[in-house]
$ cat query.tsv   # TSV, C-alpha atoms
chain	number	residue	atom	x	y	z
Q	1	MET	CA	-29.46	-8.50	-4.36
Q	2	ASN	CA	-28.58	-5.63	-2.06
Q	3	ILE	CA	-29.00	-2.25	-3.81
Q	4	GLN	CA	-25.78	-0.92	-2.27
Q	5	TYR	CA	-23.72	-3.58	-4.04
Q	6	LYS	CA	-25.24	-2.69	-7.36
Q	7	LYS	CA	-24.87	1.07	-7.22
Q	8	GLY	CA	-21.10	0.96	-7.05
Q	9	VAL	CA	-20.67	-1.27	-10.06
Q	10	LEU	CA	-23.37	0.22	-12.31
Q	11	GLU	CA	-21.10	3.12	-13.16
Q	12	LEU	CA	-18.40	0.69	-14.19
Q	13	CYS	CA	-20.91	-1.25	-16.33
Q	14	VAL	CA	-21.98	1.94	-18.11
Q	15	LEU	CA	-18.35	2.84	-18.80
Q	16	SER	CA	-17.77	-0.66	-20.13
Q	17	LEU	CA	-20.72	-0.41	-22.54
Q	18	LEU	CA	-19.47	2.97	-23.76
Q	19	ASP	CA	-15.94	1.67	-24.12
Q	20	ARG	CA	-17.11	-0.58	-26.94
Q	21	ARG	CA	-19.08	2.08	-28.84
Q	22	ASP	CA	-21.15	5.23	-28.40
Q	23	ARG	CA	-24.69	4.58	-27.22
Q	24	TYR	CA	-27.83	6.53	-26.38
Q	25	GLY	CA	-29.32	6.61	-22.89
Q	26	TYR	CA	-32.29	4.37	-23.54
Q	27	GLU	CA	-30.09	1.71	-25.10
Q	28	ILE	CA	-27.88	1.59	-21.99
Q	29	SER	CA	-30.88	1.61	-19.67
Q	30	GLU	CA	-32.54	-1.23	-21.56
Q	31	TYR	CA	-29.39	-3.32	-21.68
Q	32	LEU	CA	-28.61	-2.98	-17.97
Q	33	SER	CA	-32.15	-3.34	-16.66
Q	34	GLY	CA	-32.44	-6.48	-18.78
Q	35	LYS	CA	-29.42	-8.01	-17.06
Q	36	ILE	CA	-29.48	-6.52	-13.59
Q	37	ASP	CA	-32.55	-6.02	-11.43
Q	38	ILE	CA	-32.63	-2.21	-11.28
Q	39	ALA	CA	-35.34	0.36	-11.90
Q	40	ASP	CA	-35.29	1.67	-15.49
Q	41	GLY	CA	-34.75	5.24	-14.32
Q	42	THR	CA	-31.51	4.58	-12.44
Q	43	VAL	CA	-29.16	4.77	-15.41
Q	44	TYR	CA	-29.87	8.40	-16.37
Q	45	PRO	CA	-28.53	9.92	-13.13
Q	46	ILE	CA	-25.39	7.83	-13.60
Q	47	LEU	CA	-24.93	9.12	-17.14
Q	48	ARG	CA	-25.34	12.65	-15.90
Q	49	LYS	CA	-22.78	12.13	-13.18
Q	50	LEU	CA	-20.30	10.70	-15.69
Q	51	LYS	CA	-20.87	13.74	-17.89
Q	52	SER	CA	-20.41	16.16	-15.02
Q	53	ASP	CA	-17.16	14.36	-14.10
Q	54	GLY	CA	-15.93	14.84	-17.66
Q	55	LEU	CA	-15.80	11.11	-18.39
Q	56	VAL	CA	-18.33	11.23	-21.21
Q	57	VAL	CA	-19.55	13.81	-23.70
Q	58	THR	CA	-22.91	13.86	-25.47
Q	59	TYR	CA	-23.98	14.63	-29.00
Q	60	LEU	CA	-27.33	14.52	-30.79
Q	61	SER	CA	-27.85	12.29	-33.77
Q	62	GLU	CA	-30.91	11.99	-36.00
Q	63	GLU	CA	-31.79	8.48	-36.97
Q	64	SER	CA	-34.61	7.12	-39.16
Q	65	GLY	CA	-37.06	9.89	-38.34
Q	66	GLY	CA	-38.13	10.19	-34.72
Q	67	PRO	CA	-36.65	12.65	-32.26
Q	68	PRO	CA	-32.85	13.13	-32.25
Q	69	ARG	CA	-31.09	10.70	-29.93
Q	70	LYS	CA	-28.63	11.89	-27.33
Q	71	TYR	CA	-25.53	9.77	-27.72
Q	72	TYR	CA	-22.93	9.32	-25.01
Q	73	SER	CA	-19.28	8.93	-25.89
Q	74	LEU	CA	-16.28	8.23	-23.62
Q	75	THR	CA	-13.66	10.95	-23.36
Q	76	LYS	CA	-9.94	10.15	-23.21
Q	77	THR	CA	-10.08	10.63	-19.45
Q	78	GLY	CA	-13.10	8.37	-19.23
Q	79	ARG	CA	-11.35	5.64	-21.16
Q	80	GLU	CA	-8.25	5.93	-19.01
Q	81	LEU	CA	-10.29	5.84	-15.80
Q	82	PHE	CA	-12.30	2.88	-17.05
Q	83	LYS	CA	-9.15	0.89	-17.77
Q	84	ASN	CA	-7.88	1.58	-14.25
Q	85	ASP	CA	-11.17	0.94	-12.47
Q	86	ARG	CA	-11.80	-2.19	-14.47
Q	87	ALA	CA	-8.47	-3.68	-13.45
Q	88	ASP	CA	-9.08	-2.69	-9.83
Q	89	TYR	CA	-12.53	-4.22	-9.85
Q	90	MET	CA	-11.44	-7.50	-11.45
Q	91	ASN	CA	-8.73	-7.81	-8.85
Q	92	PHE	CA	-11.15	-7.00	-6.04
Q	93	ALA	CA	-13.84	-9.36	-7.32
Q	94	SER	CA	-11.49	-12.30	-7.65
Q	95	THR	CA	-10.22	-11.72	-4.10
Q	96	ILE	CA	-13.78	-11.60	-2.75
Q	97	GLN	CA	-14.64	-14.74	-4.66
Q	98	THR	CA	-11.68	-16.56	-3.15
Q	99	ILE	CA	-12.70	-15.46	0.33
Q	100	LEU	CA	-16.34	-16.42	-0.15
Q	101	GLU	CA	-15.47	-19.81	-1.56
Q	102	GLU	CA	-13.02	-20.68	1.20
Q	103	ARG	CA	-14.18	-23.55	3.33
Q	104	GLU	CA	-12.88	-24.74	6.66
Q	105	LEU	CA	-10.38	-27.46	6.00
W	1	MET	CA	-49.32	7.25	-13.20
W	2	THR	CA	-49.53	8.68	-16.72
W	3	LYS	CA	-46.61	10.01	-18.67
W	4	GLN	CA	-47.70	13.62	-18.11
W	5	ASP	CA	-48.14	13.08	-14.36
W	6	TYR	CA	-44.80	11.40	-14.06
W	7	LEU	CA	-42.87	14.04	-16.00
W	8	SER	CA	-44.47	16.99	-14.21
W	9	GLN	CA	-43.85	15.39	-10.81
W	10	LEU	CA	-40.27	14.68	-11.80
W	11	LYS	CA	-39.82	18.29	-12.85
W	12	SER	CA	-41.15	19.71	-9.61
W	13	GLU	CA	-39.11	17.24	-7.55
W	14	LEU	CA	-35.96	18.18	-9.45
W	15	LYS	CA	-36.60	21.87	-8.81
W	16	ARG	CA	-37.30	21.16	-5.16
W	17	ASN	CA	-33.89	19.42	-4.94
W	18	GLY	CA	-32.22	22.40	-6.57
W	19	VAL	CA	-31.09	20.47	-9.65
W	20	SER	CA	-30.20	22.71	-12.59
W	21	ASP	CA	-31.13	21.78	-16.19
W	22	ALA	CA	-34.36	20.13	-15.02
W	23	GLU	CA	-35.75	20.54	-18.55
W	24	ASP	CA	-32.90	18.59	-20.04
W	25	ILE	CA	-33.33	15.74	-17.59
W	26	VAL	CA	-37.09	15.62	-18.04
W	27	SER	CA	-36.68	15.45	-21.82
W	28	GLU	CA	-34.43	12.40	-21.42
W	29	TYR	CA	-37.17	10.67	-19.40
W	30	GLU	CA	-39.73	11.75	-21.96
W	31	GLN	CA	-37.65	10.01	-24.62
W	32	HIS	CA	-37.58	6.93	-22.44
W	33	PHE	CA	-41.38	6.96	-22.43
W	34	LEU	CA	-41.47	7.35	-26.21
W	35	PHE	CA	-39.10	4.45	-26.81
W	36	LYS	CA	-41.03	2.22	-24.41
W	37	LEU	CA	-44.41	3.22	-25.86
W	38	ALA	CA	-43.12	2.29	-29.29
W	39	ASP	CA	-42.29	-1.14	-27.86
W	40	GLY	CA	-45.95	-1.53	-26.81
W	41	PHE	CA	-45.82	-0.80	-23.10
W	42	SER	CA	-48.52	1.29	-21.42
W	43	GLU	CA	-47.69	4.59	-19.74
W	44	GLU	CA	-48.53	3.13	-16.31
W	45	GLU	CA	-46.22	0.16	-16.81
W	46	ILE	CA	-43.38	2.37	-17.93
W	47	ALA	CA	-43.78	4.77	-15.00
W	48	ALA	CA	-43.88	1.87	-12.55
W	49	LYS	CA	-40.61	0.44	-13.88
W	50	LEU	CA	-38.82	3.78	-13.79
W	51	ALA	CA	-38.85	4.20	-9.98
W	52	SER	CA	-40.69	7.08	-8.32
W	53	PRO	CA	-40.01	10.71	-9.36
W	54	GLU	CA	-38.90	11.48	-5.78
W	55	SER	CA	-36.32	8.71	-5.84
W	56	ILE	CA	-35.05	9.68	-9.29
W	57	ALA	CA	-34.83	13.37	-8.36
W	58	SER	CA	-32.87	12.56	-5.21
W	59	GLN	CA	-30.37	10.63	-7.31
W	60	PHE	CA	-29.80	13.72	-9.44
W	61	ALA	CA	-29.53	15.96	-6.40
W	62	GLY	CA	-25.92	15.21	-5.48
W	63	ILE	CA	-24.48	15.82	-8.94
W	64	ARG	CA	-23.03	19.21	-9.66
W	65	ALA	CA	-23.93	20.74	-13.00
W	66	GLU	CA	-21.27	20.37	-15.67
W	67	GLY	CA	-18.95	23.27	-16.19
W	68	LYS	CA	-19.90	24.80	-12.84
W	69	HIS	CA	-16.95	23.77	-10.76
W	70	LYS	CA	-17.02	24.67	-7.15
W	71	LYS	CA	-14.96	27.78	-6.72
W	72	ARG	CA	-12.57	27.29	-3.86
W	73	LYS	CA	-9.86	29.62	-2.73
W	74	LYS	CA	-6.91	28.38	-4.67
W	75	GLY	CA	-4.41	31.19	-4.20
W	76	LEU	CA	-2.56	29.42	-1.41
W	77	LEU	CA	-2.63	26.11	-3.24
W	78	VAL	CA	-1.20	27.63	-6.40
W	79	LEU	CA	1.51	29.42	-4.40
W	80	TRP	CA	2.39	26.19	-2.65
W	81	LEU	CA	2.46	24.24	-5.92
W	82	THR	CA	4.66	26.91	-7.46
W	83	LEU	CA	7.12	26.72	-4.57
W	84	ILE	CA	7.35	22.94	-4.85
W	85	GLY	CA	7.56	23.40	-8.61
W	86	ILE	CA	10.72	25.49	-8.32
W	87	PHE	CA	12.49	22.76	-6.38
W	88	GLU	CA	11.10	20.09	-8.63
W	89	GLY	CA	12.31	22.02	-11.65
W	90	MET	CA	15.81	22.20	-10.18
W	91	LEU	CA	15.75	18.45	-9.62
W	92	TYR	CA	14.59	17.84	-13.17
W	93	ALA	CA	17.26	20.18	-14.58
W	94	ALA	CA	19.98	18.37	-12.64
W	95	PHE	CA	18.66	15.01	-13.77
W	96	LEU	CA	18.40	16.23	-17.35
W	97	SER	CA	22.01	17.41	-17.38
W	98	PHE	CA	23.07	14.08	-15.90
W	99	THR	CA	21.18	12.31	-18.69
W	100	VAL	CA	22.70	14.50	-21.40
W	101	GLY	CA	26.14	13.91	-19.85
W	102	LEU	CA	25.51	10.19	-19.90
W	103	LEU	CA	24.41	10.36	-23.53
W	104	CYS	CA	27.61	12.20	-24.52
W	105	GLY	CA	29.61	9.88	-22.26
W	106	SER	CA	28.27	6.89	-24.14
W	107	LEU	CA	29.87	8.27	-27.31
W	108	VAL	CA	33.38	8.08	-25.82
W	109	PRO	CA	33.77	4.30	-25.53
W	110	THR	CA	31.93	3.90	-28.83
W	111	VAL	CA	34.41	6.14	-30.69
W	112	LEU	CA	37.39	4.57	-28.94
W	113	GLY	CA	36.04	1.13	-29.82
W	114	ALA	CA	35.65	2.13	-33.47
W	115	GLU	CA	39.23	3.45	-33.46
W	116	LEU	CA	40.55	0.23	-31.96
W	117	ILE	CA	38.75	-1.83	-34.60
W	118	ALA	CA	39.86	0.46	-37.42
W	119	GLY	CA	43.44	0.38	-36.10
W	120	LEU	CA	43.52	4.18	-35.73
W	121	ASN	CA	44.86	6.21	-32.85
W	122	PHE	CA	43.90	9.89	-33.08
W	123	MET	CA	45.86	12.13	-30.77
W	124	ASN	CA	47.71	9.08	-29.52
W	125	ILE	CA	45.37	8.45	-26.59
W	126	LEU	CA	45.11	4.69	-26.98
W	127	PRO	CA	47.76	2.54	-25.30
W	128	PRO	CA	49.85	0.34	-27.55
W	129	MET	CA	48.63	-3.22	-28.07
W	130	PRO	CA	48.74	-5.86	-30.81
W	131	TYR	CA	45.81	-5.71	-33.24
W	132	GLY	CA	44.53	-9.14	-32.14
W	133	GLY	CA	43.80	-7.66	-28.73
W	134	ALA	CA	42.77	-4.27	-30.05
W	135	ILE	CA	39.93	-5.60	-32.21
W	136	VAL	CA	38.47	-7.58	-29.29
W	137	PHE	CA	38.77	-4.62	-26.93
W	138	GLY	CA	37.25	-2.45	-29.64
W	139	VAL	CA	34.12	-4.61	-29.66
W	140	MET	CA	34.13	-4.48	-25.86
W	141	MET	CA	34.25	-0.69	-25.85
W	142	ILE	CA	31.34	-0.48	-28.30
W	143	ALA	CA	29.32	-2.83	-26.06
W	144	LEU	CA	30.13	-0.54	-23.14
W	145	GLY	CA	28.98	2.45	-25.20
W	146	VAL	CA	25.71	0.68	-25.98
W	147	MET	CA	25.18	-0.05	-22.27
W	148	LEU	CA	25.74	3.58	-21.33
W	149	PHE	CA	23.47	4.73	-24.15
W	150	LEU	CA	20.66	2.45	-22.92
W	151	PHE	CA	21.14	3.76	-19.40
W	152	ALA	CA	20.78	7.29	-20.77
W	153	VAL	CA	17.60	6.30	-22.63
W	154	TYR	CA	16.19	4.79	-19.44
W	155	CYS	CA	17.07	7.90	-17.42
W	156	PHE	CA	15.45	10.09	-20.04
W	157	ALA	CA	12.25	8.01	-20.02
W	158	PHE	CA	12.27	8.13	-16.22
W	159	LEU	CA	12.62	11.91	-16.21
W	160	ARG	CA	9.85	12.29	-18.75
W	161	GLN	CA	7.48	10.07	-16.78
W	162	MET	CA	8.28	11.86	-13.51
W	163	MET	CA	7.38	15.16	-15.11
W	164	ARG	CA	4.18	13.79	-16.61
W	165	ALA	CA	3.13	12.27	-13.27
W	166	SER	CA	3.85	15.53	-11.51
W	167	LEU	CA	1.82	17.51	-14.05
W	168	ARG	CA	-1.11	15.13	-13.73
W	169	TRP	CA	-0.99	15.46	-9.95
W	170	ARG	CA	-0.95	19.25	-10.21
W	171	LYS	CA	-3.88	19.20	-12.63
W	172	ASN	CA	-5.85	17.12	-10.14
W	173	MET	CA	-5.00	19.48	-7.29
W	174	VAL	CA	-6.04	22.62	-9.13
W	175	ASP	CA	-8.98	21.44	-11.22
W	176	ASP	CA	-10.85	19.38	-8.60
W	177	GLU	CA	-10.64	16.53	-11.04
W	178	ALA	CA	-9.93	12.96	-10.20
W	179	LEU	CA	-7.91	11.73	-13.12
W	180	PRO	CA	-5.97	8.57	-12.40
W	181	LEU	CA	-2.49	9.34	-11.15
W	182	LEU	CA	0.31	8.25	-13.42
W	183	PRO	CA	3.05	5.86	-12.33
W	184	MET	CA	6.52	7.29	-11.71
W	185	SER	CA	8.47	4.50	-13.37
W	186	PRO	CA	9.34	4.76	-17.07
W	187	GLN	CA	6.60	3.49	-19.37
W	188	PHE	CA	7.75	1.72	-22.50
W	189	SER	CA	5.49	-0.14	-24.86
W	190	PRO	CA	5.88	-3.92	-24.47
W	191	LYS	CA	7.66	-4.08	-27.83
W	192	ALA	CA	10.11	-1.29	-26.97
W	193	ARG	CA	10.71	-2.84	-23.57
W	194	ARG	CA	11.52	-6.23	-25.08
W	195	THR	CA	13.84	-4.65	-27.63
W	196	LEU	CA	15.68	-2.57	-25.02
W	197	ARG	CA	16.03	-5.55	-22.73
W	198	SER	CA	17.41	-7.88	-25.37
W	199	VAL	CA	19.83	-5.23	-26.67
W	200	LEU	CA	21.04	-4.63	-23.11
W	201	LEU	CA	21.46	-8.36	-22.44
W	202	TRP	CA	23.44	-8.81	-25.63
W	203	ALA	CA	25.61	-5.79	-24.82
W	204	VAL	CA	26.39	-7.13	-21.33
W	205	LEU	CA	27.07	-10.60	-22.69
W	206	ILE	CA	29.36	-9.33	-25.45
W	207	PHE	CA	31.11	-7.02	-22.99
W	208	GLY	CA	31.82	-9.93	-20.65
W	209	ILE	CA	32.96	-12.29	-23.37
W	210	THR	CA	35.22	-9.77	-25.12
W	211	PHE	CA	36.68	-8.59	-21.82
W	212	ILE	CA	37.74	-12.12	-20.92
W	213	THR	CA	38.86	-12.92	-24.48
W	214	GLY	CA	40.85	-9.69	-24.83
W	215	TYR	CA	42.49	-10.20	-21.46
W	216	THR	CA	43.41	-13.76	-22.42
W	217	ILE	CA	44.81	-12.78	-25.84
W	218	LEU	CA	47.01	-10.04	-24.43
W	219	GLY	CA	47.98	-12.23	-21.47
W	220	LEU	CA	49.14	-14.98	-23.82
W	221	TYR	CA	50.86	-12.47	-26.11
W	222	THR	CA	52.86	-10.94	-23.27
W	223	HIS	CA	53.13	-14.10	-21.15
W	224	SER	CA	51.95	-12.02	-18.23
W	225	MET	CA	48.75	-11.71	-16.22
W	226	GLY	CA	49.41	-7.99	-15.93
W	227	PHE	CA	49.85	-7.42	-19.65
W	228	TRP	CA	49.61	-3.65	-19.25
W	229	HIS	CA	53.01	-3.68	-17.55
W	230	ALA	CA	54.59	-5.60	-20.39
W	231	LEU	CA	52.93	-3.42	-23.05
W	232	GLY	CA	54.11	-0.26	-21.38
W	233	TRP	CA	50.70	1.23	-20.52
W	234	PHE	CA	50.28	3.89	-17.84
W	235	GLY	CA	53.93	4.90	-18.05
W	236	TYR	CA	55.45	1.48	-17.37
W	237	PRO	CA	58.51	0.70	-19.48
W	238	ALA	CA	57.47	-1.63	-22.30
W	239	THR	CA	59.12	-5.04	-22.33
W	240	VAL	CA	57.38	-6.64	-25.28
W	241	TYR	CA	57.18	-4.05	-28.06
$ encode --input "query.tsv" --output "structure tokens"
Amino acid sequence: MNIQYKKGVLELCVLSLLDRRDRYGYEISEYLSGKIDIADGTVYPILRKLKSDGLVVTYLSEESGGPPRKYYSLTKTGRELFKNDRADYMNFASTIQTILEEREL
Amino acid sequence: MTKQDYLSQLKSELKRNGVSDAEDIVSEYEQHFLFKLADGFSEEEIAAKLASPESIASQFAGIRAEGKHKKRKKGLLVLWLTLIGIFEGMLYAAFLSFTVGLLCGSLVPTVLGAELIAGLNFMNILPPMPYGGAIVFGVMMIALGVMLFLFAVYCFAFLRQMMRASLRWRKNMVDDEALPLLPMSPQFSPKARRTLRSVLLWAVLIFGITFITGYTILGLYTHSMGFWHALGWFGYPATVY
């Protein structure tokens, strides 16, 4: 699939994953690269952009030995924006689907 | 490419692209390697799946560092926003006084209605009428009071939402942030909206029914379609009492 299509929606996917619960970067990267054909390294720049836009905050958490994990958590603004963008996208996607499925009568 | 090669290339590429906090970014990729190694992948495999350091670094290049907002000249903007703000504030103040007036105004029919039902007439402001009509008109006046009160509540919610939307817009203008703009129309929770709507519908319905019923009762009582003449309202000489 065209990389340009994917880039736009990856951000929305990351927000959606974080809307359910806080996650660490690797977890998000693994989940998305398992479902969508993207390079593993693509998710980290997105997370950083979300952080710089104030949509997520990070905190470190130690778990079962190992190095501390950097967790990402949605801010209030992030949650609000996600709700809006999600609705917009659903609307957009269903319109596109209708157009693509239209056949000459 | 080994882990060390990858990370050092990434670091130099990030620096070349002028990305701040290169260390922080590199450590995140280092963690990625550690997680993947623990899952049994080789360093070469992991590096290959990550995309090249150049490509990764270029994706970080466009992102401004957190907390370092671009400083633009905002003096004019703030002045402009303040000027609009003064006029906006005047509009809000006028709307607020209208709303408060409406709220107080809604008390008038309510009190009059209560008086009619209780058969009282403080300060002799109510026109004379038989109690059969008075009780029905009393209920009608209370329904009217409820309608006015709901209108005041709606206006108040509208005012509040307008102010919130305006503040959000200002915040976006000044802070370079792109928070979603808020709608201008009043926002009630679905439950509150349903309650308000059903109370309003009942009030309108009761108002209509009691108006017709009251008119009919007094019309029959006075044998006149213009019962207010017969009852001596508005200075007409009474013919029934």
$ residues_around --input "query.tsv" --residues "stretch 39-54 of chain Q" --least-positions-apart "6" --cutoff "9 Å" --atoms "all atoms listed in the file" --output "PyMOL selection string"
(chain Q and resi 10-11+14-15+25-26+28-30+32-33+72+74-75+77-78) or (chain W and resi 25+28-29+32+46+48-52+56-57+59-60+62-68+177-178)
$ residues_around --input "query.tsv" --residues "Q:Leu81" --least-positions-apart "2" --cutoff "10 Å" --atoms "all atoms listed in the file" --output "NGL selection string"
(:Q and (12 or 15 or 55 or 75-79 or 83-87)) or (:W and (178-181))
$ write_last_selection --input "query.tsv" --atoms "C-alpha atoms" --output "PDB file, keeping the file's coordinate frame"
ATOM      1  CA  LEU Q  12     -18.400   0.690 -14.190  1.00  0.00           C
ATOM      2  CA  LEU Q  15     -18.350   2.840 -18.800  1.00  0.00           C
ATOM      3  CA  LEU Q  55     -15.800  11.110 -18.390  1.00  0.00           C
ATOM      4  CA  THR Q  75     -13.660  10.950 -23.360  1.00  0.00           C
ATOM      5  CA  LYS Q  76      -9.940  10.150 -23.210  1.00  0.00           C
ATOM      6  CA  THR Q  77     -10.080  10.630 -19.450  1.00  0.00           C
ATOM      7  CA  GLY Q  78     -13.100   8.370 -19.230  1.00  0.00           C
ATOM      8  CA  ARG Q  79     -11.350   5.640 -21.160  1.00  0.00           C
ATOM      9  CA  LYS Q  83      -9.150   0.890 -17.770  1.00  0.00           C
ATOM     10  CA  ASN Q  84      -7.880   1.580 -14.250  1.00  0.00           C
ATOM     11  CA  ASP Q  85     -11.170   0.940 -12.470  1.00  0.00           C
ATOM     12  CA  ARG Q  86     -11.800  -2.190 -14.470  1.00  0.00           C
ATOM     13  CA  ALA Q  87      -8.470  -3.680 -13.450  1.00  0.00           C
TER      14      ALA Q  87
ATOM     15  CA  ALA W 178      -9.930  12.960 -10.200  1.00  0.00           C
ATOM     16  CA  LEU W 179      -7.910  11.730 -13.120  1.00  0.00           C
ATOM     17  CA  PRO W 180      -5.970   8.570 -12.400  1.00  0.00           C
ATOM     18  CA  LEU W 181      -2.490   9.340 -11.150  1.00  0.00           C
TER      19      LEU W 181
END
$ closest_residue --input "query.tsv" --among "Q:Glu102, Q:Ala93, Q:Arg69, Q:Lys7" --to "Q:Tyr24" --atoms "all atoms listed in the file"
Q:Arg69
$ residues_around --input "query.tsv" --residues "stretch 124-129 of chain W" --least-positions-apart "5" --cutoff "12 Å" --atoms "all atoms listed in the file" --output "PyMOL selection string"
chain W and resi 109+111-117+119+134-138+214-215+217-219+221-222+227-241
$ closest_residue --input "query.tsv" --among "W:Met162, W:Leu182, W:Leu81, W:Lys3" --to "chain Q" --atoms "only C-alpha atoms"
W:Leu182
$ atom_distance --input "query.tsv" --atom1 "atom CA of W:Ser185" --atom2 "atom CA of W:Leu159"
9.0 Å
$ closest_residue --input "query.tsv" --among "W:Lys15, W:Arg168, W:Lys73, W:Arg193" --to "chain Q" --atoms "only C-alpha atoms"
W:Arg168
$ closest_residue --input "query.tsv" --among "Q:Phe92, Q:Lys70, Q:Leu100, Q:Asp22" --to "chain W" --atoms "all atoms listed in the file"
Q:Lys70
$ closest_residue --input "query.tsv" --among "Q:Ile36, Q:Glu80, Q:Ser73, Q:Arg23" --to "chain W" --atoms "only C-alpha atoms"
Q:Glu80
$ decode --input "query.tsv" --residues "stretch 49-90 of chain Q" --atoms "C-alpha atoms" --output "mmCIF file, in the first residue's frame"
data_model
loop_
_atom_site.group_PDB
_atom_site.id
_atom_site.type_symbol
_atom_site.label_atom_id
_atom_site.label_comp_id
_atom_site.auth_asym_id
_atom_site.auth_seq_id
_atom_site.Cartn_x
_atom_site.Cartn_y
_atom_site.Cartn_z
ATOM 1 C CA LYS Q 49 5.715 14.564 17.418
ATOM 2 C CA LEU Q 50 2.677 13.810 19.578
ATOM 3 C CA LYS Q 51 4.702 14.710 22.653
ATOM 4 C CA SER Q 52 5.962 17.939 21.135
ATOM 5 C CA ASP Q 53 2.357 18.843 20.213
ATOM 6 C CA GLY Q 54 1.340 18.306 23.828
ATOM 7 C CA LEU Q 55 -0.978 15.405 23.026
ATOM 8 C CA VAL Q 56 0.921 12.867 25.117
ATOM 9 C CA VAL Q 57 3.191 12.954 28.148
ATOM 10 C CA THR Q 58 5.812 10.378 29.113
ATOM 11 C CA TYR Q 59 6.837 8.806 32.377
ATOM 12 C CA LEU Q 60 9.350 6.116 33.300
ATOM 13 C CA SER Q 61 8.243 2.939 34.980
ATOM 14 C CA GLU Q 62 10.383 0.077 36.269
ATOM 15 C CA GLU Q 63 9.000 -3.332 35.571
ATOM 16 C CA SER Q 64 10.325 -6.803 36.461
ATOM 17 C CA GLY Q 65 13.980 -5.814 36.362
ATOM 18 C CA GLY Q 66 15.323 -4.620 33.021
ATOM 19 C CA PRO Q 67 15.729 -0.979 32.084
ATOM 20 C CA PRO Q 68 12.917 1.452 32.994
ATOM 21 C CA ARG Q 69 10.280 1.700 30.281
ATOM 22 C CA LYS Q 70 9.179 5.021 28.892
ATOM 23 C CA TYR Q 71 5.406 5.047 28.998
ATOM 24 C CA TYR Q 72 3.252 7.331 26.881
ATOM 25 C CA SER Q 73 -0.014 8.674 28.219
ATOM 26 C CA LEU Q 74 -2.674 10.806 26.478
ATOM 27 C CA THR Q 75 -3.221 14.302 27.825
ATOM 28 C CA LYS Q 76 -6.688 15.834 28.083
ATOM 29 C CA THR Q 77 -5.996 17.733 24.882
ATOM 30 C CA GLY Q 78 -4.818 14.559 23.202
ATOM 31 C CA ARG Q 79 -7.968 12.729 24.182
ATOM 32 C CA GLU Q 80 -10.147 15.575 22.962
ATOM 33 C CA LEU Q 81 -8.277 15.790 19.658
ATOM 34 C CA PHE Q 82 -8.451 12.029 19.208
ATOM 35 C CA LYS Q 83 -12.221 12.027 19.668
ATOM 36 C CA ASN Q 84 -12.564 14.740 17.024
ATOM 37 C CA ASP Q 85 -10.106 13.258 14.548
ATOM 38 C CA ARG Q 86 -11.559 9.804 14.970
ATOM 39 C CA ALA Q 87 -15.049 11.009 14.104
ATOM 40 C CA ASP Q 88 -13.683 12.958 11.130
ATOM 41 C CA TYR Q 89 -11.763 9.964 9.878
ATOM 42 C CA MET Q 90 -14.666 7.529 10.221
#
